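Just coords-v3.pdb here, PDB, C-alpha atoms, pLDDT in the B column:
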```pdb
ATOM      1  CA  MET E   1       5.669   1.344  11.633  1.00 91.00           C
ATOM      2  CA  LYS E   2       2.971   2.903   9.504  1.00 95.00           C
ATOM      3  CA  LYS E   3      -0.694   2.018   9.110  1.00 97.00           C
ATOM      4  CA  PHE E   4      -1.568   1.048   5.521  1.00 97.00           C
ATOM      5  CA  LEU E   5      -5.066   0.831   4.104  1.00 98.00           C
ATOM      6  CA  PHE E   6      -5.282  -0.884   0.723  1.00 97.00           C
ATOM      7  CA  ILE E   7      -8.402  -0.169  -1.312  1.00 96.00           C
ATOM      8  CA  LEU E   8      -9.518  -2.984  -3.582  1.00 95.00           C
ATOM      9  CA  ASP E   9     -12.177  -1.678  -5.931  1.00 94.00           C
ATOM     10  CA  LYS E  10     -11.530  -3.626  -9.129  1.00 91.00           C
ATOM     11  CA  PRO E  11     -13.222  -6.934  -9.999  1.00 89.00           C
ATOM     12  CA  PRO E  12     -11.152 -10.113  -9.732  1.00 86.00           C
ATOM     13  CA  HIS E  13      -9.866 -12.016 -12.747  1.00 83.00           C
ATOM     14  CA  SER E  14      -9.216  -9.008 -14.965  1.00 79.00           C
ATOM     15  CA  GLY E  15      -5.635  -9.832 -15.855  1.00 81.00           C
ATOM     16  CA  ILE E  16      -2.996 -10.047 -13.164  1.00 85.00           C
ATOM     17  CA  GLN E  17      -3.708  -6.636 -11.639  1.00 86.00           C
ATOM     18  CA  LEU E  18      -5.022  -8.128  -8.405  1.00 88.00           C
ATOM     19  CA  GLN E  19      -2.121 -10.542  -8.119  1.00 89.00           C
ATOM     20  CA  GLU E  20       0.349  -7.655  -8.373  1.00 93.00           C
ATOM     21  CA  LYS E  21      -1.594  -5.674  -5.777  1.00 93.00           C
ATOM     22  CA  LEU E  22      -1.604  -8.693  -3.466  1.00 92.00           C
ATOM     23  CA  ASP E  23       2.190  -8.909  -3.824  1.00 93.00           C
ATOM     24  CA  VAL E  24       2.448  -5.358  -2.457  1.00 95.00           C
ATOM     25  CA  ILE E  25      -0.023  -6.133   0.330  1.00 95.00           C
ATOM     26  CA  LEU E  26       1.840  -9.272   1.421  1.00 93.00           C
ATOM     27  CA  THR E  27       5.244  -7.549   1.186  1.00 94.00           C
ATOM     28  CA  THR E  28       3.967  -4.697   3.341  1.00 96.00           C
ATOM     29  CA  ALA E  29       2.549  -7.132   5.916  1.00 95.00           C
ATOM     30  CA  ALA E  30       5.734  -9.246   5.846  1.00 93.00           C
ATOM     31  CA  PHE E  31       7.724  -6.115   6.813  1.00 93.00           C
ATOM     32  CA  ASP E  32       5.601  -5.905  10.009  1.00 91.00           C
ATOM     33  CA  GLN E  33       3.517  -2.925   8.988  1.00 95.00           C
ATOM     34  CA  LYS E  34      -0.086  -2.589  10.098  1.00 96.00           C
ATOM     35  CA  VAL E  35      -2.181  -3.579   7.063  1.00 97.00           C
ATOM     36  CA  ALA E  36      -5.932  -3.325   6.507  1.00 97.00           C
ATOM     37  CA  LEU E  37      -7.970  -3.974   3.354  1.00 97.00           C
ATOM     38  CA  LEU E  38     -11.074  -2.132   2.216  1.00 98.00           C
ATOM     39  CA  PHE E  39     -13.218  -3.765  -0.462  1.00 97.00           C
ATOM     40  CA  LEU E  40     -15.327  -1.296  -2.421  1.00 97.00           C
ATOM     41  CA  ASP E  41     -17.540  -1.410  -5.515  1.00 96.00           C
ATOM     42  CA  ASP E  42     -16.779  -4.402  -7.796  1.00 95.00           C
ATOM     43  CA  GLY E  43     -13.777  -5.161  -5.593  1.00 95.00           C
ATOM     44  CA  ILE E  44     -16.234  -6.982  -3.328  1.00 95.00           C
ATOM     45  CA  PHE E  45     -16.416  -9.774  -5.901  1.00 93.00           C
ATOM     46  CA  GLN E  46     -12.828 -10.648  -5.035  1.00 92.00           C
ATOM     47  CA  LEU E  47     -14.124 -12.223  -1.831  1.00 93.00           C
ATOM     48  CA  LYS E  48     -17.097 -14.003  -3.404  1.00 92.00           C
ATOM     49  CA  LYS E  49     -17.073 -17.709  -2.578  1.00 90.00           C
ATOM     50  CA  MET E  50     -17.011 -20.503  -5.165  1.00 87.00           C
ATOM     51  CA  GLN E  51     -14.787 -18.907  -7.817  1.00 86.00           C
ATOM     52  CA  GLN E  52     -13.118 -21.010 -10.510  1.00 87.00           C
ATOM     53  CA  PRO E  53     -10.566 -18.670 -12.102  1.00 86.00           C
ATOM     54  CA  GLU E  54      -8.344 -21.558 -13.274  1.00 87.00           C
ATOM     55  CA  LYS E  55     -10.672 -21.979 -16.252  1.00 86.00           C
ATOM     56  CA  GLN E  56      -9.563 -18.523 -17.451  1.00 83.00           C
ATOM     57  CA  GLY E  57      -5.899 -19.390 -16.969  1.00 85.00           C
ATOM     58  CA  LEU E  58      -5.721 -17.282 -13.815  1.00 84.00           C
ATOM     59  CA  LYS E  59      -4.530 -18.072 -10.332  1.00 82.00           C
ATOM     60  CA  ASP E  60      -7.051 -18.587  -7.568  1.00 80.00           C
ATOM     61  CA  THR E  61      -6.473 -15.357  -5.670  1.00 81.00           C
ATOM     62  CA  SER E  62      -9.148 -16.152  -3.076  1.00 77.00           C
ATOM     63  CA  SER E  63      -6.734 -18.677  -1.557  1.00 78.00           C
ATOM     64  CA  ILE E  64      -4.236 -15.831  -1.055  1.00 84.00           C
ATOM     65  CA  PHE E  65      -6.897 -13.848   0.793  1.00 87.00           C
ATOM     66  CA  ASN E  66      -7.400 -16.834   3.060  1.00 85.00           C
ATOM     67  CA  ALA E  67      -3.684 -16.774   3.880  1.00 87.00           C
ATOM     68  CA  LEU E  68      -3.801 -13.145   5.066  1.00 91.00           C
ATOM     69  CA  GLU E  69      -4.344 -14.256   8.639  1.00 90.00           C
ATOM     70  CA  ILE E  70      -0.852 -15.786   8.701  1.00 91.00           C
ATOM     71  CA  TYR E  71       0.499 -12.307   7.949  1.00 92.00           C
ATOM     72  CA  ASP E  72      -1.574 -10.801  10.802  1.00 92.00           C
ATOM     73  CA  VAL E  73      -3.868  -9.041   8.360  1.00 94.00           C
ATOM     74  CA  ASN E  74      -7.179  -9.290  10.169  1.00 93.00           C
ATOM     75  CA  ASP E  75      -8.775  -5.921   9.451  1.00 96.00           C
ATOM     76  CA  ILE E  76     -10.932  -6.632   6.406  1.00 96.00           C
ATOM     77  CA  TYR E  77     -13.455  -3.901   5.708  1.00 98.00           C
ATOM     78  CA  THR E  78     -16.233  -3.505   3.223  1.00 97.00           C
ATOM     79  CA  GLU E  79     -18.983  -1.040   2.403  1.00 97.00           C
ATOM     80  CA  VAL E  80     -22.645  -1.777   3.097  1.00 97.00           C
ATOM     81  CA  GLU E  81     -23.813  -0.004  -0.079  1.00 97.00           C
ATOM     82  CA  SER E  82     -21.316  -1.878  -2.308  1.00 97.00           C
ATOM     83  CA  LEU E  83     -22.613  -5.207  -0.995  1.00 97.00           C
ATOM     84  CA  GLN E  84     -26.270  -4.218  -1.323  1.00 97.00           C
ATOM     85  CA  ALA E  85     -25.887  -2.918  -4.880  1.00 97.00           C
ATOM     86  CA  ARG E  86     -24.532  -6.314  -5.927  1.00 97.00           C
ATOM     87  CA  GLY E  87     -27.083  -8.395  -4.036  1.00 97.00           C
ATOM     88  CA  LEU E  88     -24.393  -9.844  -1.765  1.00 96.00           C
ATOM     89  CA  LYS E  89     -24.421 -10.603   1.937  1.00 95.00           C
ATOM     90  CA  PRO E  90     -21.345 -11.025   4.176  1.00 94.00           C
ATOM     91  CA  SER E  91     -22.152 -14.755   4.242  1.00 94.00           C
ATOM     92  CA  ASP E  92     -21.463 -14.883   0.462  1.00 94.00           C
ATOM     93  CA  LEU E  93     -17.854 -13.868   1.131  1.00 94.00           C
ATOM     94  CA  SER E  94     -14.890 -16.101   1.872  1.00 91.00           C
ATOM     95  CA  LEU E  95     -13.602 -13.981   4.785  1.00 92.00           C
ATOM     96  CA  PRO E  96     -15.312 -12.359   7.769  1.00 93.00           C
ATOM     97  CA  VAL E  97     -15.642  -8.647   7.001  1.00 95.00           C
ATOM     98  CA  LYS E  98     -16.464  -5.570   9.026  1.00 97.00           C
ATOM     99  CA  GLU E  99     -19.092  -3.445   7.280  1.00 97.00           C
ATOM    100  CA  PHE E 100     -19.024   0.354   7.094  1.00 97.00           C
ATOM    101  CA  TYR E 101     -21.653   2.703   5.719  1.00 98.00           C
ATOM    102  CA  ARG E 102     -20.455   4.952   2.880  1.00 97.00           C
ATOM    103  CA  LYS E 103     -20.785   8.022   5.107  1.00 98.00           C
ATOM    104  CA  ASP E 104     -18.213   6.546   7.508  1.00 97.00           C
ATOM    105  CA  ILE E 105     -15.602   5.478   4.913  1.00 97.00           C
ATOM    106  CA  ASN E 106     -13.931   8.894   4.869  1.00 97.00           C
ATOM    107  CA  GLU E 107     -13.299   8.767   8.601  1.00 97.00           C
ATOM    108  CA  LEU E 108     -11.963   5.218   8.296  1.00 97.00           C
ATOM    109  CA  MET E 109      -9.479   6.316   5.607  1.00 97.00           C
ATOM    110  CA  ARG E 110      -8.345   9.252   7.702  1.00 97.00           C
ATOM    111  CA  SER E 111      -7.280   6.933  10.501  1.00 97.00           C
ATOM    112  CA  TYR E 112      -4.530   5.429   8.265  1.00 97.00           C
ATOM    113  CA  ASP E 113      -1.089   6.864   7.406  1.00 96.00           C
ATOM    114  CA  VAL E 114      -0.986   5.537   3.832  1.00 95.00           C
ATOM    115  CA  VAL E 115      -4.071   4.853   1.694  1.00 95.00           C
ATOM    116  CA  LEU E 116      -3.407   3.022  -1.567  1.00 93.00           C
TER
ATOM    117  CA  MET T   1       8.764  17.674   2.094  1.00 95.00           C
ATOM    118  CA  LYS T   2      10.008  14.235   1.097  1.00 97.00           C
ATOM    119  CA  TYR T   3       7.887  12.462  -1.543  1.00 98.00           C
ATOM    120  CA  ALA T   4       7.790   8.889  -2.817  1.00 98.00           C
ATOM    121  CA  ILE T   5       5.979   8.236  -6.084  1.00 98.00           C
ATOM    122  CA  GLN T   6       4.553   5.078  -7.590  1.00 98.00           C
ATOM    123  CA  VAL T   7       3.591   4.828 -11.293  1.00 98.00           C
ATOM    124  CA  ASN T   8       1.305   1.941 -12.300  1.00 96.00           C
ATOM    125  CA  ALA T   9       0.173   2.798 -15.840  1.00 96.00           C
ATOM    126  CA  SER T  10       1.922   2.511 -19.191  1.00 95.00           C
ATOM    127  CA  PRO T  11       2.703   5.680 -21.195  1.00 95.00           C
ATOM    128  CA  TYR T  12       0.357   4.742 -24.045  1.00 92.00           C
ATOM    129  CA  LEU T  13      -2.807   3.599 -22.255  1.00 90.00           C
ATOM    130  CA  SER T  14      -2.873   6.459 -19.792  1.00 92.00           C
ATOM    131  CA  ASN T  15      -1.399   9.893 -19.177  1.00 94.00           C
ATOM    132  CA  VAL T  16      -0.898   9.385 -15.436  1.00 96.00           C
ATOM    133  CA  GLY T  17       2.817   8.744 -15.992  1.00 96.00           C
ATOM    134  CA  TYR T  18       3.167  12.228 -17.462  1.00 97.00           C
ATOM    135  CA  SER T  19       1.089  13.632 -14.589  1.00 97.00           C
ATOM    136  CA  ALA T  20       3.543  12.003 -12.191  1.00 98.00           C
ATOM    137  CA  TYR T  21       6.439  13.489 -14.173  1.00 98.00           C
ATOM    138  CA  GLN T  22       4.894  16.966 -14.050  1.00 97.00           C
ATOM    139  CA  PHE T  23       4.217  16.629 -10.322  1.00 98.00           C
ATOM    140  CA  ILE T  24       7.838  15.627  -9.706  1.00 98.00           C
ATOM    141  CA  GLU T  25       9.192  18.551 -11.741  1.00 96.00           C
ATOM    142  CA  ALA T  26       6.940  20.998  -9.903  1.00 97.00           C
ATOM    143  CA  ALA T  27       7.874  19.551  -6.508  1.00 97.00           C
ATOM    144  CA  LEU T  28      11.611  19.770  -7.291  1.00 96.00           C
ATOM    145  CA  LYS T  29      11.286  23.376  -8.431  1.00 96.00           C
ATOM    146  CA  LEU T  30       9.778  24.166  -5.020  1.00 97.00           C
ATOM    147  CA  ASP T  31      12.763  22.483  -3.318  1.00 96.00           C
ATOM    148  CA  HIS T  32      10.922  19.366  -2.193  1.00 97.00           C
ATOM    149  CA  GLU T  33      12.750  16.065  -2.230  1.00 97.00           C
ATOM    150  CA  ILE T  34      11.759  13.103  -4.425  1.00 98.00           C
ATOM    151  CA  PHE T  35      13.021  10.131  -2.457  1.00 97.00           C
ATOM    152  CA  ARG T  36      12.218   7.544  -5.125  1.00 98.00           C
ATOM    153  CA  VAL T  37       9.972   6.829  -8.120  1.00 98.00           C
ATOM    154  CA  PHE T  38       8.803   3.220  -8.239  1.00 98.00           C
ATOM    155  CA  PHE T  39       7.453   1.793 -11.501  1.00 98.00           C
ATOM    156  CA  TYR T  40       5.026  -1.052 -10.961  1.00 97.00           C
ATOM    157  CA  GLN T  41       2.468  -3.054 -12.945  1.00 96.00           C
ATOM    158  CA  GLU T  42       2.058  -1.537 -16.451  1.00 96.00           C
ATOM    159  CA  GLY T  43       4.187   1.399 -15.269  1.00 97.00           C
ATOM    160  CA  ILE T  44       7.305  -0.590 -16.112  1.00 97.00           C
ATOM    161  CA  TYR T  45       6.666   0.254 -19.798  1.00 97.00           C
ATOM    162  CA  HIS T  46       8.158   3.687 -19.043  1.00 98.00           C
ATOM    163  CA  ALA T  47      11.577   2.072 -18.712  1.00 97.00           C
ATOM    164  CA  PHE T  48      11.982   0.355 -22.103  1.00 97.00           C
ATOM    165  CA  LYS T  49      15.181   1.680 -23.682  1.00 95.00           C
ATOM    166  CA  TYR T  50      14.125   0.929 -27.244  1.00 94.00           C
ATOM    167  CA  SER T  51      10.642   2.417 -27.139  1.00 93.00           C
ATOM    168  CA  THR T  52      10.618   4.628 -30.221  1.00 93.00           C
ATOM    169  CA  PRO T  53       7.464   6.711 -30.548  1.00 93.00           C
ATOM    170  CA  PRO T  54       7.138   9.040 -33.569  1.00 95.00           C
ATOM    171  CA  ASP T  55       9.113  12.310 -33.241  1.00 95.00           C
ATOM    172  CA  ASP T  56       6.040  14.481 -32.722  1.00 95.00           C
ATOM    173  CA  GLU T  57       4.871  12.456 -29.715  1.00 94.00           C
ATOM    174  CA  LEU T  58       5.885  12.664 -26.075  1.00 94.00           C
ATOM    175  CA  GLN T  59       9.197  10.810 -25.567  1.00 95.00           C
ATOM    176  CA  MET T  60       8.327   9.622 -22.091  1.00 96.00           C
ATOM    177  CA  THR T  61      11.247   7.241 -21.519  1.00 97.00           C
ATOM    178  CA  ALA T  62      13.767   9.866 -22.655  1.00 97.00           C
ATOM    179  CA  LYS T  63      12.119  12.428 -20.354  1.00 97.00           C
ATOM    180  CA  TRP T  64      12.577  10.155 -17.326  1.00 98.00           C
ATOM    181  CA  THR T  65      16.222   9.498 -18.247  1.00 97.00           C
ATOM    182  CA  GLU T  66      16.865  13.255 -18.524  1.00 97.00           C
ATOM    183  CA  LEU T  67      15.067  13.930 -15.237  1.00 96.00           C
ATOM    184  CA  ALA T  68      17.068  11.261 -13.425  1.00 97.00           C
ATOM    185  CA  LYS T  69      20.312  12.734 -14.766  1.00 96.00           C
ATOM    186  CA  LYS T  70      19.442  16.345 -14.024  1.00 96.00           C
ATOM    187  CA  TYR T  71      18.173  15.852 -10.459  1.00 95.00           C
ATOM    188  CA  ASN T  72      19.812  12.539  -9.552  1.00 95.00           C
ATOM    189  CA  ILE T  73      16.466  10.847  -8.836  1.00 96.00           C
ATOM    190  CA  ASP T  74      16.222   7.174  -7.984  1.00 97.00           C
ATOM    191  CA  LEU T  75      13.999   5.524 -10.651  1.00 98.00           C
ATOM    192  CA  VAL T  76      13.287   1.936  -9.631  1.00 98.00           C
ATOM    193  CA  VAL T  77      11.519  -0.664 -11.754  1.00 97.00           C
ATOM    194  CA  CYS T  78       9.935  -3.639  -9.989  1.00 97.00           C
ATOM    195  CA  ILE T  79      11.770  -6.807 -10.936  1.00 95.00           C
ATOM    196  CA  SER T  80       8.787  -9.171 -10.951  1.00 95.00           C
ATOM    197  CA  ALA T  81       6.565  -6.760 -12.900  1.00 96.00           C
ATOM    198  CA  ALA T  82       9.431  -6.169 -15.370  1.00 96.00           C
ATOM    199  CA  GLN T  83      10.283  -9.822 -15.943  1.00 94.00           C
ATOM    200  CA  ARG T  84       6.630 -10.670 -16.550  1.00 93.00           C
ATOM    201  CA  ARG T  85       6.600  -8.104 -19.357  1.00 95.00           C
ATOM    202  CA  GLY T  86       9.967  -8.913 -20.892  1.00 93.00           C
ATOM    203  CA  LEU T  87      12.039  -6.063 -19.476  1.00 94.00           C
ATOM    204  CA  LEU T  88      15.380  -7.434 -18.321  1.00 90.00           C
ATOM    205  CA  CYS T  89      18.685  -5.816 -17.509  1.00 85.00           C
ATOM    206  CA  ASP T  90      21.982  -7.432 -18.418  1.00 84.00           C
ATOM    207  CA  ASP T  91      22.809  -9.410 -15.257  1.00 85.00           C
ATOM    208  CA  GLU T  92      19.228 -10.524 -14.679  1.00 84.00           C
ATOM    209  CA  ALA T  93      19.002 -11.793 -18.275  1.00 86.00           C
ATOM    210  CA  LYS T  94      22.225 -13.754 -17.739  1.00 89.00           C
ATOM    211  CA  ARG T  95      20.839 -15.271 -14.563  1.00 89.00           C
ATOM    212  CA  GLN T  96      17.786 -16.421 -16.536  1.00 87.00           C
ATOM    213  CA  GLY T  97      19.937 -17.787 -19.374  1.00 89.00           C
ATOM    214  CA  LYS T  98      18.739 -15.062 -21.751  1.00 88.00           C
ATOM    215  CA  ILE T  99      20.346 -12.217 -23.654  1.00 86.00           C
ATOM    216  CA  ASP T 100      18.694  -8.872 -23.060  1.00 86.00           C
ATOM    217  CA  GLN T 101      19.383  -5.315 -21.980  1.00 89.00           C
ATOM    218  CA  ASP T 102      16.237  -3.237 -22.397  1.00 92.00           C
ATOM    219  CA  LEU T 103      16.508  -0.980 -19.389  1.00 95.00           C
ATOM    220  CA  ALA T 104      16.714   2.714 -20.253  1.00 96.00           C
ATOM    221  CA  GLY T 105      19.350   4.996 -18.707  1.00 96.00           C
ATOM    222  CA  GLY T 106      18.617   6.375 -15.248  1.00 97.00           C
ATOM    223  CA  PHE T 107      16.468   3.401 -14.243  1.00 97.00           C
ATOM    224  CA  ARG T 108      17.466   0.468 -12.064  1.00 96.00           C
ATOM    225  CA  ILE T 109      15.670  -2.812 -11.399  1.00 95.00           C
ATOM    226  CA  SER T 110      14.955  -3.898  -7.847  1.00 96.00           C
ATOM    227  CA  GLY T 111      12.320  -5.480  -5.633  1.00 95.00           C
ATOM    228  CA  LEU T 112       9.145  -4.508  -3.814  1.00 96.00           C
ATOM    229  CA  GLY T 113      11.155  -3.901  -0.643  1.00 95.00           C
ATOM    230  CA  GLN T 114      12.300  -0.657  -2.312  1.00 96.00           C
ATOM    231  CA  LEU T 115       8.682   0.415  -2.660  1.00 96.00           C
ATOM    232  CA  LEU T 116       7.980  -0.304   0.966  1.00 95.00           C
ATOM    233  CA  GLU T 117      11.141   1.488   2.106  1.00 96.00           C
ATOM    234  CA  ALA T 118      10.095   4.530   0.064  1.00 96.00           C
ATOM    235  CA  SER T 119       6.601   4.557   1.554  1.00 95.00           C
ATOM    236  CA  LEU T 120       8.027   4.325   5.076  1.00 95.00           C
ATOM    237  CA  LEU T 121      10.720   6.993   4.723  1.00 96.00           C
ATOM    238  CA  ALA T 122       8.740   9.547   2.735  1.00 97.00           C
ATOM    239  CA  ASP T 123       6.455  12.139   4.298  1.00 96.00           C
ATOM    240  CA  ARG T 124       3.996  11.609   1.474  1.00 96.00           C
ATOM    241  CA  PHE T 125       3.564   8.580  -0.775  1.00 96.00           C
ATOM    242  CA  ILE T 126       1.556   9.187  -3.946  1.00 97.00           C
ATOM    243  CA  GLU T 127       0.344   6.499  -6.317  1.00 96.00           C
ATOM    244  CA  PHE T 128      -0.363   7.447  -9.942  1.00 96.00           C
ATOM    245  CA  GLY T 129      -2.646   5.133 -11.908  1.00 90.00           C
TER
END
```
Any chance you could give the structure as structure tokens?
Amino acid sequence: MKKFLFILDKPPHSGIQLQEKLDVILTTAAFDQKVALLFLDDGIFQLKKMQQPEKQGLKDTSSIFNALEIYDVNDIYTEVESLQARGLKPSDLSLPVKEFYRKDINELMRSYDVVL
Amino acid sequence: MKYAIQVNASPYLSNVGYSAYQFIEAALKLDHEIFRVFFYQEGIYHAFKYSTPPDDELQMTAKWTELAKKYNIDLVVCISAAQRRGLLCDDEAKRQGKIDQDLAGGFRISGLGQLLEASLLADRFIEFG
């Protein structure tokens, strides 16, 4: 088993990029690997509550994030500065997240075998 | 060292595919092993057999086919990413009730499990794009 850290730094609803990344994340988790997610920069918006992507002909990916628990993906990280810069608080997000300061992100990444 | 490579960008919107190609060539020359190259997302556009850029441009698909032949490298295209974008091989097209065979030589189509296997068995897994 390897420890995977997936970095999500792109905004949601820009094509199907996120959906394809989620497919990799769920496949990795389904093969019993240790999976954690780190939301950075505009990637934070992926967890913003109250999204209505169906109007843009896109799937509601936030419901997939809510299913992560079933796959034993419970390590959801985010960056304090990314939240602050966008005027968001953890309570605006659809999942409980663990916050890290930017200065500590490097150390977090180093504790994983594969960072994608 | 044993490397696995993932390519996510198309040959015309980005040059990361060529960077991956150059990395692979350099690694092979230094006697490293390339366990697998996995083409995902827009990266599947590297595998279109009939892509025909002008003669004075980089012939990326042909370069991959040559590389696969010369070094016997496993070039795998993700099936779901490929089908979304209209890249089907013969048997998959038949299964879908369609007629198509767009896959360039040296490539094969398979699933995300192949990506995961590569990332688990390789010493280093590098994502381009």
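Nearest residue to chain T, choosing from E:Ile70, E:Gly87, E:Leu26, E:Ser14 and counting all atoms listed in the file: E:Leu26.
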Quiz item: Nearest to Phe65 in chain E: which of E:Arg102, E:Arg86, E:Lys34, E:Lys21 is it, counting only C-alpha atoms?
Solution: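 Between E:Arg102, E:Arg86, E:Lys34, E:Lys21, the residue approaching Phe65 in chain E most closely is E:Lys21.
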Per residue of chain T within 12 Å of chain E, what are the shortest atom pair and its distance in Å to one decimal, counting all atoms listed in the file, with rows by chain and residue number, as a Markdown table?
```
| residue | atom | partner | partner_atom | distance |
| --- | --- | --- | --- | --- |
| T:Ala4 | CA | E:Val114 | CA | 11.5 |
| T:Ile5 | CA | E:Leu116 | CA | 11.6 |
| T:Gln6 | CA | E:Leu116 | CA | 10.2 |
| T:Asn8 | CA | E:Gln17 | CA | 10.0 |
| T:Ala9 | CA | E:Gln17 | CA | 11.0 |
| T:Tyr40 | CA | E:Glu20 | CA | 8.5 |
| T:Gln41 | CA | E:Glu20 | CA | 6.8 |
| T:Glu42 | CA | E:Gln17 | CA | 9.1 |
| T:Gly43 | CA | E:Gln17 | CA | 11.8 |
| T:Cys78 | CA | E:Glu20 | CA | 10.5 |
| T:Ile79 | CA | E:Glu20 | CA | 11.7 |
| T:Ser80 | CA | E:Glu20 | CA | 9.0 |
| T:Ala81 | CA | E:Glu20 | CA | 7.7 |
| T:Ala82 | CA | E:Glu20 | CA | 11.6 |
| T:Arg84 | CA | E:Ile16 | CA | 10.2 |
| T:Arg85 | CA | E:Ile16 | CA | 11.6 |
| T:Gly111 | CA | E:Thr27 | CA | 10.0 |
| T:Leu112 | CA | E:Val24 | CA | 6.9 |
| T:Gly113 | CA | E:Thr27 | CA | 7.2 |
| T:Gln114 | CA | E:Thr27 | CA | 10.5 |
| T:Leu115 | CA | E:Val24 | CA | 8.5 |
| T:Leu116 | CA | E:Thr28 | CA | 6.4 |
| T:Glu117 | CA | E:Thr28 | CA | 9.6 |
| T:Ala118 | CA | E:Thr28 | CA | 11.6 |
| T:Ser119 | CA | E:Val114 | CA | 8.0 |
| T:Leu120 | CA | E:Lys2 | CA | 6.9 |
| T:Leu121 | CA | E:Lys2 | CA | 10.0 |
| T:Ala122 | CA | E:Val114 | CA | 10.6 |
| T:Asp123 | CA | E:Asp113 | CA | 9.7 |
| T:Arg124 | CA | E:Val114 | CA | 8.2 |
| T:Phe125 | CA | E:Val114 | CA | 7.2 |
| T:Ile126 | CA | E:Leu116 | CA | 8.3 |
| T:Glu127 | CA | E:Leu116 | CA | 7.0 |
| T:Phe128 | CA | E:Leu116 | CA | 9.9 |
| T:Gly129 | CA | E:Leu116 | CA | 10.6 |
```
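Rounded to one decimal, CA of Gly15 in chain E and CA of Pro53 in chain E lie 10.8 Å from each other.
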Self-check item: Who sits within 12 Å of Phe23 in chain T, all atoms listed in the file, same chain under 2 positions skipped, as a list in words
Solution: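 Near neighbours after the sequence-gap exclusion: Tyr3, Ala4, Ile5, Gln6, Val7, Val16, Gly17, Tyr18, Ser19, Ala20, Tyr21, Glu25, Ala26, Ala27, Leu28, Lys29, Leu30, His32, Glu33, Ile34, Val37, Ile126, Glu127 and Phe128 of chain T.
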